[in-house]
file coords_14.cif (mmCIF, C-alpha atoms (C1' of nucleotides))
data_my_file
loop_
_atom_site.group_PDB
_atom_site.id
_atom_site.type_symbol
_atom_site.label_atom_id
_atom_site.label_comp_id
_atom_site.auth_asym_id
_atom_site.auth_seq_id
_atom_site.Cartn_x
_atom_site.Cartn_y
_atom_site.Cartn_z
ATOM 1 C CA MET A 1 129.093 7.785 9.060
ATOM 2 C CA PRO A 2 127.029 4.731 9.021
ATOM 3 C CA GLU A 3 123.337 4.219 9.513
ATOM 4 C CA LEU A 4 121.577 0.906 9.121
ATOM 5 C CA PRO A 5 121.979 0.547 5.324
ATOM 6 C CA GLU A 6 125.703 1.290 5.483
ATOM 7 C CA VAL A 7 126.250 -1.159 8.322
ATOM 8 C CA GLU A 8 124.231 -3.767 6.430
ATOM 9 C CA THR A 9 126.455 -3.163 3.394
ATOM 10 C CA VAL A 10 129.573 -3.647 5.512
ATOM 11 C CA LYS A 11 128.063 -6.766 7.071
ATOM 12 C CA ARG A 12 127.424 -8.351 3.668
ATOM 13 C CA GLY A 13 130.921 -7.572 2.478
ATOM 14 C CA LEU A 14 132.548 -9.056 5.562
ATOM 15 C CA GLU A 15 130.265 -12.077 5.663
ATOM 16 C CA GLY A 16 131.342 -13.148 2.186
ATOM 17 C CA SER A 17 135.014 -13.174 3.031
ATOM 18 C CA ILE A 18 135.726 -13.769 6.721
ATOM 19 C CA VAL A 19 133.333 -16.535 7.775
ATOM 20 C CA ASN A 20 135.166 -19.783 8.542
ATOM 21 C CA LYS A 21 138.507 -17.999 8.867
ATOM 22 C CA LYS A 22 140.573 -18.164 12.028
ATOM 23 C CA ILE A 23 141.830 -15.054 13.804
ATOM 24 C CA GLU A 24 145.548 -15.728 14.030
ATOM 25 C CA LYS A 25 146.792 -12.374 15.253
ATOM 26 C CA ILE A 26 145.441 -8.962 16.123
ATOM 27 C CA TYR A 27 147.468 -5.782 15.762
ATOM 28 C CA LEU A 28 146.385 -2.767 17.796
ATOM 29 C CA SER A 29 147.298 0.861 17.157
ATOM 30 C CA GLY A 30 147.199 1.433 20.908
ATOM 31 C CA LEU A 31 144.974 4.479 20.559
ATOM 32 C CA SER A 32 141.734 4.277 22.445
ATOM 33 C CA LEU A 33 138.502 4.153 20.498
ATOM 34 C CA ARG A 34 135.462 5.750 22.102
ATOM 35 C CA PHE A 35 136.072 3.361 24.946
ATOM 36 C CA PRO A 36 139.362 1.589 25.512
ATOM 37 C CA LEU A 37 139.335 -1.896 24.065
ATOM 38 C CA PRO A 38 138.710 -4.327 26.937
ATOM 39 C CA ASP A 39 141.983 -5.766 28.288
ATOM 40 C CA ASN A 40 140.965 -9.303 27.433
ATOM 41 C CA PHE A 41 139.785 -8.487 23.913
ATOM 42 C CA THR A 42 142.812 -9.850 22.106
ATOM 43 C CA SER A 43 143.368 -12.866 24.302
ATOM 44 C CA MET A 44 139.725 -13.885 23.991
ATOM 45 C CA ALA A 45 139.499 -13.417 20.223
ATOM 46 C CA ILE A 46 142.797 -14.969 19.220
ATOM 47 C CA ASN A 47 142.730 -18.461 17.716
ATOM 48 C CA LYS A 48 138.958 -18.366 17.423
ATOM 49 C CA LYS A 49 137.133 -19.196 14.252
ATOM 50 C CA ILE A 50 134.711 -16.675 12.781
ATOM 51 C CA LEU A 51 131.351 -18.393 12.533
ATOM 52 C CA SER A 52 129.000 -15.613 11.486
ATOM 53 C CA VAL A 53 128.591 -11.932 10.726
ATOM 54 C CA SER A 54 125.277 -10.301 11.489
ATOM 55 C CA ARG A 55 123.839 -6.902 12.257
ATOM 56 C CA ARG A 56 121.556 -5.434 14.900
ATOM 57 C CA ALA A 57 120.610 -1.783 14.384
ATOM 58 C CA LYS A 58 123.952 -0.080 13.629
ATOM 59 C CA TYR A 59 125.981 -2.767 15.378
ATOM 60 C CA LEU A 60 127.985 -5.444 13.621
ATOM 61 C CA LEU A 61 128.022 -8.776 15.432
ATOM 62 C CA ILE A 62 130.875 -11.125 14.662
ATOM 63 C CA GLY A 63 130.180 -14.570 16.058
ATOM 64 C CA LEU A 64 133.243 -16.571 17.119
ATOM 65 C CA SER A 65 133.815 -20.120 18.217
ATOM 66 C CA GLY A 66 133.652 -20.583 21.977
ATOM 67 C CA ASN A 67 130.291 -18.783 22.191
ATOM 68 C CA LEU A 68 131.914 -15.386 21.827
ATOM 69 C CA THR A 69 130.640 -12.361 19.961
ATOM 70 C CA ILE A 70 132.507 -9.233 18.945
ATOM 71 C CA ILE A 71 130.097 -6.292 19.055
ATOM 72 C CA SER A 72 131.380 -3.493 16.837
ATOM 73 C CA HIS A 73 129.949 -0.013 16.334
ATOM 74 C CA LEU A 74 131.405 2.196 13.611
ATOM 75 C CA GLY A 75 130.570 5.515 15.248
ATOM 76 C CA MET A 76 130.791 8.331 12.708
ATOM 77 C CA SER A 77 133.894 7.379 10.794
ATOM 78 C CA GLY A 78 134.647 3.687 11.321
ATOM 79 C CA SER A 79 135.171 1.364 8.376
ATOM 80 C CA TYR A 80 136.330 -2.154 7.652
ATOM 81 C CA ARG A 81 138.484 -3.120 4.708
ATOM 82 C CA VAL A 82 139.210 -6.669 3.610
ATOM 83 C CA LEU A 83 142.664 -6.685 2.031
ATOM 84 C CA SER A 84 143.547 -8.950 -0.852
ATOM 85 C CA SER A 85 146.263 -11.479 -0.110
ATOM 86 C CA SER A 86 148.884 -9.429 -1.941
ATOM 87 C CA GLU A 87 147.790 -6.226 -0.164
ATOM 88 C CA SER A 88 147.994 -8.153 3.085
ATOM 89 C CA LYS A 89 151.602 -9.216 2.449
ATOM 90 C CA ASN A 90 152.715 -5.662 1.782
ATOM 91 C CA TYR A 91 150.558 -4.088 4.436
ATOM 92 C CA THR A 92 151.953 -1.647 6.940
ATOM 93 C CA PRO A 93 149.518 0.139 9.273
ATOM 94 C CA ALA A 94 148.218 3.389 7.841
ATOM 95 C CA LYS A 95 147.019 6.382 9.795
ATOM 96 C CA HIS A 96 143.875 5.600 11.823
ATOM 97 C CA ASP A 97 144.164 1.836 11.318
ATOM 98 C CA HIS A 98 143.321 0.765 14.877
ATOM 99 C CA LEU A 99 142.733 -2.983 14.679
ATOM 100 C CA ILE A 100 144.086 -5.396 12.136
ATOM 101 C CA PHE A 101 142.763 -8.921 12.181
ATOM 102 C CA ASP A 102 145.207 -11.358 10.636
ATOM 103 C CA LEU A 103 143.183 -14.224 9.214
ATOM 104 C CA SER A 104 146.224 -16.053 7.850
ATOM 105 C CA ASP A 105 145.319 -15.814 4.152
ATOM 106 C CA PHE A 106 144.606 -12.093 4.378
ATOM 107 C CA LYS A 107 144.017 -9.221 6.765
ATOM 108 C CA VAL A 108 140.976 -7.203 7.760
ATOM 109 C CA VAL A 109 141.554 -3.619 8.882
ATOM 110 C CA TYR A 110 139.373 -1.440 11.088
ATOM 111 C CA ASN A 111 140.067 2.228 10.382
ATOM 112 C CA ASP A 112 138.446 5.063 12.329
ATOM 113 C CA PRO A 113 139.751 8.650 12.082
ATOM 114 C CA ARG A 114 137.448 10.169 14.681
ATOM 115 C CA ARG A 115 137.571 7.148 17.005
ATOM 116 C CA PHE A 116 133.894 7.353 17.910
ATOM 117 C CA GLY A 117 133.540 3.673 17.138
ATOM 118 C CA TYR A 118 134.029 0.942 19.713
ATOM 119 C CA MET A 119 134.306 -2.799 20.096
ATOM 120 C CA VAL A 120 133.572 -5.188 22.888
ATOM 121 C CA ILE A 121 133.674 -8.947 23.145
ATOM 122 C CA THR A 122 131.022 -10.809 25.073
ATOM 123 C CA THR A 123 130.214 -14.323 26.186
ATOM 124 C CA LYS A 124 126.562 -13.404 26.547
ATOM 125 C CA SER A 125 124.016 -13.734 23.866
ATOM 126 C CA PRO A 126 124.599 -10.341 22.202
ATOM 127 C CA GLU A 127 120.980 -9.169 22.418
ATOM 128 C CA ASP A 128 121.324 -9.351 26.210
ATOM 129 C CA HIS A 129 124.378 -7.124 26.244
ATOM 130 C CA LYS A 130 123.565 -3.713 27.691
ATOM 131 C CA LEU A 131 124.539 -2.010 24.428
ATOM 132 C CA LEU A 132 121.809 -3.883 22.567
ATOM 133 C CA ALA A 133 119.277 -4.635 25.286
ATOM 134 C CA SER A 134 117.215 -1.470 24.987
ATOM 135 C CA LEU A 135 117.206 -1.146 21.205
ATOM 136 C CA GLY A 136 113.827 -0.762 19.546
ATOM 137 C CA PRO A 137 112.605 -2.869 16.636
ATOM 138 C CA GLU A 138 114.496 -3.292 13.381
ATOM 139 C CA PRO A 139 112.783 -1.162 10.731
ATOM 140 C CA MET A 140 112.491 -4.087 8.315
ATOM 141 C CA SER A 141 111.051 -6.520 10.841
ATOM 142 C CA ASN A 142 107.427 -7.359 11.630
ATOM 143 C CA SER A 143 107.857 -5.941 15.100
ATOM 144 C CA PHE A 144 108.198 -2.490 13.542
ATOM 145 C CA ASN A 145 104.691 -1.368 12.621
ATOM 146 C CA GLU A 146 102.273 1.511 13.015
ATOM 147 C CA GLU A 147 100.734 0.100 16.207
ATOM 148 C CA VAL A 148 104.105 -0.050 17.934
ATOM 149 C CA LEU A 149 104.906 3.508 16.843
ATOM 150 C CA ALA A 150 101.473 4.755 17.934
ATOM 151 C CA LYS A 151 102.001 3.211 21.336
ATOM 152 C CA SER A 152 105.372 4.987 21.773
ATOM 153 C CA PHE A 153 103.932 8.277 20.541
ATOM 154 C CA LEU A 154 100.621 8.447 22.389
ATOM 155 C CA GLY A 155 100.464 11.622 24.465
ATOM 156 C CA LYS A 156 104.145 12.460 23.910
ATOM 157 C CA ASP A 157 105.255 15.997 23.189
ATOM 158 C CA ARG A 158 108.584 15.390 21.555
ATOM 159 C CA PRO A 159 109.264 16.337 17.920
ATOM 160 C CA ILE A 160 109.043 13.484 15.430
ATOM 161 C CA LYS A 161 112.627 14.115 14.241
ATOM 162 C CA ASN A 162 114.000 13.459 17.719
ATOM 163 C CA ALA A 163 111.788 10.450 18.292
ATOM 164 C CA LEU A 164 112.951 8.734 15.090
ATOM 165 C CA LEU A 165 116.589 9.255 16.054
ATOM 166 C CA ASP A 166 115.866 7.600 19.428
ATOM 167 C CA GLN A 167 117.219 4.077 19.028
ATOM 168 C CA THR A 168 114.824 2.719 21.650
ATOM 169 C CA ILE A 169 111.807 3.603 19.481
ATOM 170 C CA VAL A 170 113.116 2.298 16.179
ATOM 171 C CA SER A 171 116.710 1.225 15.742
ATOM 172 C CA GLY A 172 119.097 1.888 12.905
ATOM 173 C CA LEU A 173 117.883 5.234 11.606
ATOM 174 C CA GLY A 174 120.251 8.198 11.649
ATOM 175 C CA ASN A 175 120.146 11.815 10.609
ATOM 176 C CA ILE A 176 120.079 11.266 6.846
ATOM 177 C CA TYR A 177 117.357 8.649 6.679
ATOM 178 C CA VAL A 178 115.152 10.427 9.214
ATOM 179 C CA CYS A 179 115.282 13.661 7.194
ATOM 180 C CA GLU A 180 114.534 11.775 3.990
ATOM 181 C CA ALA A 181 111.707 9.702 5.484
ATOM 182 C CA LEU A 182 110.003 12.810 6.900
ATOM 183 C CA PHE A 183 110.224 14.612 3.575
ATOM 184 C CA ARG A 184 108.793 11.652 1.694
ATOM 185 C CA SER A 185 105.962 11.399 4.229
ATOM 186 C CA LYS A 186 105.323 15.181 4.078
ATOM 187 C CA ILE A 187 105.655 15.445 7.850
ATOM 188 C CA ASN A 188 107.229 18.507 9.435
ATOM 189 C CA PRO A 189 110.231 17.487 11.572
ATOM 190 C CA LYS A 190 108.992 19.694 14.425
ATOM 191 C CA LYS A 191 105.598 17.988 14.565
ATOM 192 C CA LYS A 192 104.816 16.577 17.995
ATOM 193 C CA VAL A 193 104.521 12.817 17.889
ATOM 194 C CA LYS A 194 101.173 12.791 19.708
ATOM 195 C CA ARG A 195 99.705 14.570 16.677
ATOM 196 C CA LEU A 196 100.293 11.414 14.613
ATOM 197 C CA VAL A 197 98.086 9.323 16.898
ATOM 198 C CA TYR A 198 94.336 9.470 17.595
ATOM 199 C CA ALA A 199 93.253 9.903 21.216
ATOM 200 C CA ASN A 200 92.174 6.254 21.274
ATOM 201 C CA GLY A 201 95.751 5.237 20.506
ATOM 202 C CA SER A 202 95.313 4.192 16.896
ATOM 203 C CA PRO A 203 97.739 5.503 14.268
ATOM 204 C CA LYS A 204 96.733 8.269 11.880
ATOM 205 C CA ASP A 205 97.213 7.728 8.150
ATOM 206 C CA SER A 206 100.243 10.018 8.209
ATOM 207 C CA LEU A 207 101.940 7.695 10.705
ATOM 208 C CA ILE A 208 101.195 4.663 8.547
ATOM 209 C CA LEU A 209 102.665 6.497 5.573
ATOM 210 C CA LEU A 210 105.763 7.367 7.600
ATOM 211 C CA LYS A 211 106.254 3.757 8.610
ATOM 212 C CA ASN A 212 105.969 2.671 4.968
ATOM 213 C CA LYS A 213 108.401 5.356 3.783
ATOM 214 C CA ILE A 214 110.949 4.310 6.398
ATOM 215 C CA ASN A 215 110.709 0.727 5.137
ATOM 216 C CA GLN A 216 111.042 1.868 1.552
ATOM 217 C CA ILE A 217 114.061 4.104 2.137
ATOM 218 C CA ILE A 218 115.933 1.476 4.093
ATOM 219 C CA ARG A 219 115.196 -1.179 1.495
ATOM 220 C CA ASP A 220 116.151 1.061 -1.438
ATOM 221 C CA SER A 221 119.337 2.250 0.219
ATOM 222 C CA ILE A 222 120.517 -1.276 1.002
ATOM 223 C CA ALA A 223 119.849 -2.192 -2.626
ATOM 224 C CA LEU A 224 122.142 0.657 -3.701
ATOM 225 C CA GLY A 225 124.913 -0.244 -1.251
ATOM 226 C CA GLY A 226 124.102 2.551 1.198
ATOM 227 C CA SER A 227 125.149 6.189 0.980
ATOM 228 C CA SER A 228 128.747 7.200 0.346
ATOM 229 C CA LEU A 229 129.489 10.557 1.941
ATOM 230 C CA LYS A 230 133.066 11.496 2.674
ATOM 231 C CA ASP A 231 134.773 8.180 2.211
ATOM 232 C CA PHE A 232 132.213 5.561 3.163
ATOM 233 C CA SER A 233 132.605 2.354 1.203
ATOM 234 C CA SER A 234 131.872 -1.309 1.733
ATOM 235 C CA ALA A 235 134.408 -3.766 3.104
ATOM 236 C CA GLU A 236 135.314 -4.552 -0.515
ATOM 237 C CA GLY A 237 135.931 -0.852 -1.145
ATOM 238 C CA LYS A 238 132.818 -0.298 -3.243
ATOM 239 C CA MET A 239 130.903 2.966 -3.053
ATOM 240 C CA GLY A 240 127.184 3.193 -2.308
ATOM 241 C CA TYR A 241 124.825 5.188 -4.493
ATOM 242 C CA PHE A 242 121.853 6.109 -2.325
ATOM 243 C CA GLN A 243 123.221 9.631 -1.781
ATOM 244 C CA ASN A 244 122.217 10.353 -5.370
ATOM 245 C CA THR A 245 118.599 9.966 -4.311
ATOM 246 C CA PHE A 246 118.683 12.409 -1.381
ATOM 247 C CA ARG A 247 115.825 14.890 -1.699
ATOM 248 C CA VAL A 248 116.507 17.168 1.261
ATOM 249 C CA TYR A 249 119.633 16.027 3.125
ATOM 250 C CA GLY A 250 122.508 18.433 2.479
ATOM 251 C CA ARG A 251 120.384 20.579 0.159
ATOM 252 C CA GLU A 252 119.953 23.747 2.223
ATOM 253 C CA GLY A 253 119.062 26.680 -0.021
ATOM 254 C CA GLU A 254 118.331 24.521 -3.052
ATOM 255 C CA ASN A 255 114.886 24.302 -4.618
ATOM 256 C CA CYS A 256 112.481 21.717 -3.274
ATOM 257 C CA ILE A 257 112.192 18.922 -5.820
ATOM 258 C CA SER A 258 108.422 18.543 -5.464
ATOM 259 C CA GLU A 259 106.428 19.507 -8.522
ATOM 260 C CA ASN A 260 104.791 22.927 -8.223
ATOM 261 C CA CYS A 261 106.801 23.775 -5.119
ATOM 262 C CA ASN A 262 109.080 26.784 -5.421
ATOM 263 C CA GLU A 263 110.219 26.711 -1.786
ATOM 264 C CA LYS A 264 113.876 26.455 -0.803
ATOM 265 C CA ILE A 265 115.055 23.633 1.435
ATOM 266 C CA LYS A 266 115.697 24.899 4.953
ATOM 267 C CA ARG A 267 118.085 23.732 7.638
ATOM 268 C CA LEU A 268 117.292 23.916 11.317
ATOM 269 C CA ILE A 269 118.979 22.528 14.408
ATOM 270 C CA GLN A 270 117.104 20.015 16.568
ATOM 271 C CA SER A 271 118.856 18.491 19.549
ATOM 272 C CA GLY A 272 122.088 19.878 18.176
ATOM 273 C CA ARG A 273 121.788 18.179 14.791
ATOM 274 C CA SER A 274 120.949 19.572 11.373
ATOM 275 C CA THR A 275 117.488 18.884 10.030
ATOM 276 C CA PHE A 276 116.814 19.503 6.341
ATOM 277 C CA TYR A 277 113.207 19.958 5.235
ATOM 278 C CA CYS A 278 110.778 21.800 2.986
ATOM 279 C CA PRO A 279 108.567 24.087 5.094
ATOM 280 C CA LYS A 280 105.901 24.131 2.399
ATOM 281 C CA CYS A 281 105.626 20.395 1.638
ATOM 282 C CA GLN A 282 106.088 19.152 5.197
ATOM 283 C CA LYS A 283 103.175 20.038 7.462
ATOM 284 C "C1'" DA B 1 110.890 7.644 34.060
ATOM 285 C "C1'" DT B 2 111.775 10.818 30.162
ATOM 286 C "C1'" DC B 3 114.208 13.884 27.485
ATOM 287 C "C1'" DC B 4 118.042 17.023 26.350
ATOM 288 C "C1'" DC B 5 122.731 18.155 25.907
ATOM 289 C "C1'" DC B 6 127.592 17.506 26.209
ATOM 290 C "C1'" DA B 7 131.584 15.152 25.211
ATOM 291 C "C1'" DC B 8 134.340 12.240 22.702
ATOM 292 C "C1'" DC B 9 137.836 13.023 18.035
ATOM 293 C "C1'" DT B 10 139.911 14.260 13.343
ATOM 294 C "C1'" DG B 11 139.653 16.387 9.031
ATOM 295 C "C1'" DG B 12 137.683 19.057 5.290
ATOM 296 C "C1'" DC B 13 136.067 23.299 3.733
ATOM 297 C "C1'" DC B 14 135.307 28.260 3.687
ATOM 298 C "C1'" DG B 15 136.419 32.986 4.493
ATOM 299 C "C1'" DC B 16 139.813 36.267 5.771
ATOM 300 C "C1'" DT C 1 149.740 29.555 2.867
ATOM 301 C "C1'" DG C 2 148.002 29.774 7.216
ATOM 302 C "C1'" DC C 3 144.708 30.075 10.704
ATOM 303 C "C1'" DG C 4 140.251 30.206 12.982
ATOM 304 C "C1'" DG C 5 135.639 28.773 12.822
ATOM 305 C "C1'" DC C 6 132.239 25.691 11.514
ATOM 306 C "C1'" DC C 7 130.539 21.369 10.102
ATOM 307 C "C1'" DA C 8 130.159 16.139 9.823
ATOM 308 C "C1'" DG C 9 126.619 9.747 9.011
ATOM 309 C "C1'" DG C 10 126.482 8.477 16.560
ATOM 310 C "C1'" DT C 11 125.475 7.691 21.230
ATOM 311 C "C1'" DG C 12 126.674 6.780 26.373
ATOM 312 C "C1'" DG C 13 126.209 9.065 30.385
ATOM 313 C "C1'" DG C 14 125.066 12.789 33.351
ATOM 314 C "C1'" DG C 15 121.921 16.179 34.641
ATOM 315 C "C1'" DA C 16 117.398 18.649 34.465
#
call {"tool": "encode", "arguments": {"input": "coords_14.cif", "output": "structure tokens"}}
result
Amino acid sequence: MPELPEVETVKRGLEGSIVNKKIEKIYLSGLSLRFPLPDNFTSMAINKKILSVSRRAKYLLIGLSGNLTIISHLGMSGSYRVLSSSESKNYTPAKHDHLIFDLSDFKVVYNDPRRFGYMVITTKSPEDHKLLASLGPEPMSNSFNEEVLAKSFLGKDRPIKNALLDQTIVSGLGNIYVCEALFRSKINPKKKVKRLVYANGSPKDSLILLKNKINQIIRDSIALGGSSLKDFSSAEGKMGYFQNTFRVYGREGENCISENCNEKIKRLIQSGRSTFYCPKCQK
DNA sequence: ATCCCCACCTGGCCGC
DNA sequence: TGCGGCCAGGTGGGGA
């Protein structure tokens, strides 16, 4: 489900309610997530105070007392829900509720139907954990810029769609935002990345535009609370609205929205994933 | 090293 | 109503 803007939306919702609370109990469904929860997960997390909630790429980082960090990835269908105190009193685990954090005043539930999500707990500084160590720059940070992209793309034959989904090049983008960024930059998803870079290694204008469109989409989507497809919502249960601004994603067979373009949006499969694009506008 | 592809799951939708 | 097939926001790990 969640790409960077959705995870950021979840992060903000959790941050406002769980910081400074103590984890009193943890209930487990017993079903394995993508990886089994580490044996010591519960014993390490229990009786710790939540000090911070942050995000790196699509990972949520929950900082605990004792120099511990819970690293949580939502996979395709993971979600957090902060229950009100009355909901918490009456709560009985629902289907796909896999972890319930009892914070005394209320409960926080992690639900994940497909169980592609996972959680670990680490004593390391989280950026050194192997899950995070090879991530590329955050799209909204200064370290994400056209020079960095040009350097990764110089001489490479891979299609731009695949490269943008590669979390070591830029982190946090997923299938929706890559399709949308390429459409808004008028770049064909099959274009080889080396074609966006001059032989001397400097970025072409189209690559600079792409970088700017990625920034813009991420910023706009966060402002709208992310995209709600299926049942994505924030930790407070609020829906996002960015899906109303999709121009190509999920629009196969519909007319391209560009003025003076009468082409239909096409779908193709790249690396096993659907790409939506306009063959006429995206060169 | 680099890149591609599979596997991991459940559920919703569509056509028969 | 039921069933099979297809599709879905991700990514670690194995193999080419």
call {"tool": "closest_residue", "arguments": {"input": "coords_14.cif", "among": "A:Glu180, A:Asp128, A:Asp231, A:Glu236", "to": "Gly16 of chain A", "atoms": "only C-alpha atoms"}}
result
A:Glu236
call {"tool": "interface_residues", "arguments": {"input": "coords_14.cif", "of": "chain A", "to": "chain B", "cutoff": "8 Å", "atoms": "all atoms listed in the file", "output": "short mmCIF file (atom, residue, chain, number, x, y, z; two decimals) with C-alpha atoms, in the coordinates of the input"}}
result
data_model
loop_
_atom_site.label_atom_id
_atom_site.label_comp_id
_atom_site.auth_asym_id
_atom_site.auth_seq_id
_atom_site.Cartn_x
_atom_site.Cartn_y
_atom_site.Cartn_z
CA ARG A 34 135.46 5.75 22.10
CA PRO A 113 139.75 8.65 12.08
CA ARG A 114 137.45 10.17 14.68
CA ARG A 115 137.57 7.15 17.00
CA PHE A 116 133.89 7.35 17.91
CA SER A 271 118.86 18.49 19.55
CA GLY A 272 122.09 19.88 18.18
#
call {"tool": "resolve_selection", "arguments": {"input": "coords_14.cif", "expression": "the PyMOL selection byres ((chain A) within 8 of (chain C))", "output": "ChimeraX atom specification"}}
result
/A:1-3,75-77,116,174-176,229
call {"tool": "residues_near_point", "arguments": {"input": "coords_14.cif", "point": "(118.8, 7.7, 16.3)", "cutoff": "10 Å", "atoms": "only C-alpha atoms (C1' of nucleotides)", "output": "PyMOL selection string"}}
result
(chain A and resi 3+57-58+161-175+177-178) or (chain C and resi 10-11)
call {"tool": "resolve_selection", "arguments": {"input": "coords_14.cif", "expression": "the PyMOL selection byres ((chain A and resi 19-24) around 9)", "output": "PyMOL selection string"}}
result
chain A and resi 14-18+25-26+45-53+101-105
call {"tool": "resolve_selection", "arguments": {"input": "coords_14.cif", "expression": "the PyMOL selection byres ((chain A and resi 81-93) around 7)", "output": "mmCIF file with C-alpha atoms, in the frame of the given file"}}
result
data_model
loop_
_atom_site.group_PDB
_atom_site.id
_atom_site.type_symbol
_atom_site.label_atom_id
_atom_site.label_comp_id
_atom_site.auth_asym_id
_atom_site.auth_seq_id
_atom_site.Cartn_x
_atom_site.Cartn_y
_atom_site.Cartn_z
ATOM 1 C CA SER A 79 135.171 1.364 8.376
ATOM 2 C CA TYR A 80 136.330 -2.154 7.652
ATOM 3 C CA ALA A 94 148.218 3.389 7.841
ATOM 4 C CA LYS A 95 147.019 6.382 9.795
ATOM 5 C CA ASP A 97 144.164 1.836 11.318
ATOM 6 C CA ASP A 105 145.319 -15.814 4.152
ATOM 7 C CA PHE A 106 144.606 -12.093 4.378
ATOM 8 C CA LYS A 107 144.017 -9.221 6.765
ATOM 9 C CA VAL A 108 140.976 -7.203 7.760
ATOM 10 C CA VAL A 109 141.554 -3.619 8.882
ATOM 11 C CA TYR A 110 139.373 -1.440 11.088
ATOM 12 C CA ALA A 235 134.408 -3.766 3.104
ATOM 13 C CA GLU A 236 135.314 -4.552 -0.515
ATOM 14 C CA GLY A 237 135.931 -0.852 -1.145
#
call {"tool": "residues_around", "arguments": {"input": "coords_14.cif", "residues": "Leu132 of chain A", "least_positions_apart": "2", "cutoff": "12 Å", "atoms": "all atoms listed in the file", "output": "ChimeraX atom specification"}}
result
/A:55-61,71-73,120,122,124-130,134-138,167-168,171-172
call {"tool": "atom_distance", "arguments": {"input": "coords_14.cif", "atom1": "atom CA of Arg251 of chain A", "atom2": "atom CA of Ser206 of chain A"}}
result
24.1 Å
call {"tool": "axis_aligned_box", "arguments": {"input": "coords_14.cif", "around": "chain C", "padding_each_side": "8 Å", "output": "JSON"}}
result
{"center_x": 133.6, "center_y": 18.5, "center_z": 18.8, "size_x": 48.3, "size_y": 39.4, "size_z": 47.8}
call {"tool": "atom_distance", "arguments": {"input": "coords_14.cif", "atom1": "atom CA of Tyr249 of chain A", "atom2": "atom CA of Tyr277 of chain A"}}
result
7.8 Å
call {"tool": "atom_distance", "arguments": {"input": "coords_14.cif", "atom1": "atom CA of Ile160 of chain A", "atom2": "atom CA of Val197 of chain A"}}
result
11.8 Å
call {"tool": "residues_around", "arguments": {"input": "coords_14.cif", "residues": "Arg267 of chain A", "least_positions_apart": "5", "cutoff": "6 Å", "atoms": "all atoms listed in the file", "output": "list in words"}}
result
Glu252, Thr275 and Phe276 of chain A
call {"tool": "build_atoms", "arguments": {"input": "coords_14.cif", "residues": "segment 141-150 of chain A", "atoms": "N, CA, C and O atoms", "output": "compact mmCIF listing (two decimals), keeping the file's coordinate frame"}}
result
# COMPACT_ATOMS: atom_id res chain seq x y z
N SER A 141 111.63 -5.33 10.22
CA SER A 141 111.05 -6.52 10.84
C SER A 141 109.56 -6.32 11.10
O SER A 141 109.07 -5.20 11.12
N ASN A 142 108.86 -7.43 11.34
CA ASN A 142 107.43 -7.36 11.63
C ASN A 142 107.14 -6.62 12.92
O ASN A 142 106.04 -6.09 13.11
N SER A 143 108.11 -6.61 13.82
CA SER A 143 107.86 -5.94 15.10
C SER A 143 107.91 -4.42 14.98
O SER A 143 107.61 -3.71 15.93
N PHE A 144 108.30 -3.93 13.81
CA PHE A 144 108.20 -2.49 13.54
C PHE A 144 106.93 -2.25 12.73
O PHE A 144 106.85 -2.66 11.57
N ASN A 145 105.95 -1.62 13.33
CA ASN A 145 104.69 -1.37 12.62
C ASN A 145 104.00 -0.15 13.22
O ASN A 145 104.47 0.41 14.21
N GLU A 146 102.92 0.26 12.60
CA GLU A 146 102.27 1.51 13.02
C GLU A 146 101.68 1.43 14.42
O GLU A 146 101.63 2.43 15.13
N GLU A 147 101.28 0.22 14.85
CA GLU A 147 100.73 0.10 16.21
C GLU A 147 101.82 0.35 17.26
O GLU A 147 101.60 1.02 18.26
N VAL A 148 102.99 -0.24 17.00
CA VAL A 148 104.10 -0.05 17.93
C VAL A 148 104.49 1.43 18.01
O VAL A 148 104.71 1.98 19.10
N LEU A 149 104.56 2.08 16.86
CA LEU A 149 104.91 3.51 16.84
C LEU A 149 103.83 4.32 17.58
O LEU A 149 104.15 5.19 18.39
N ALA A 150 102.57 4.01 17.29
CA ALA A 150 101.47 4.76 17.93
C ALA A 150 101.56 4.62 19.45
O ALA A 150 101.34 5.59 20.18
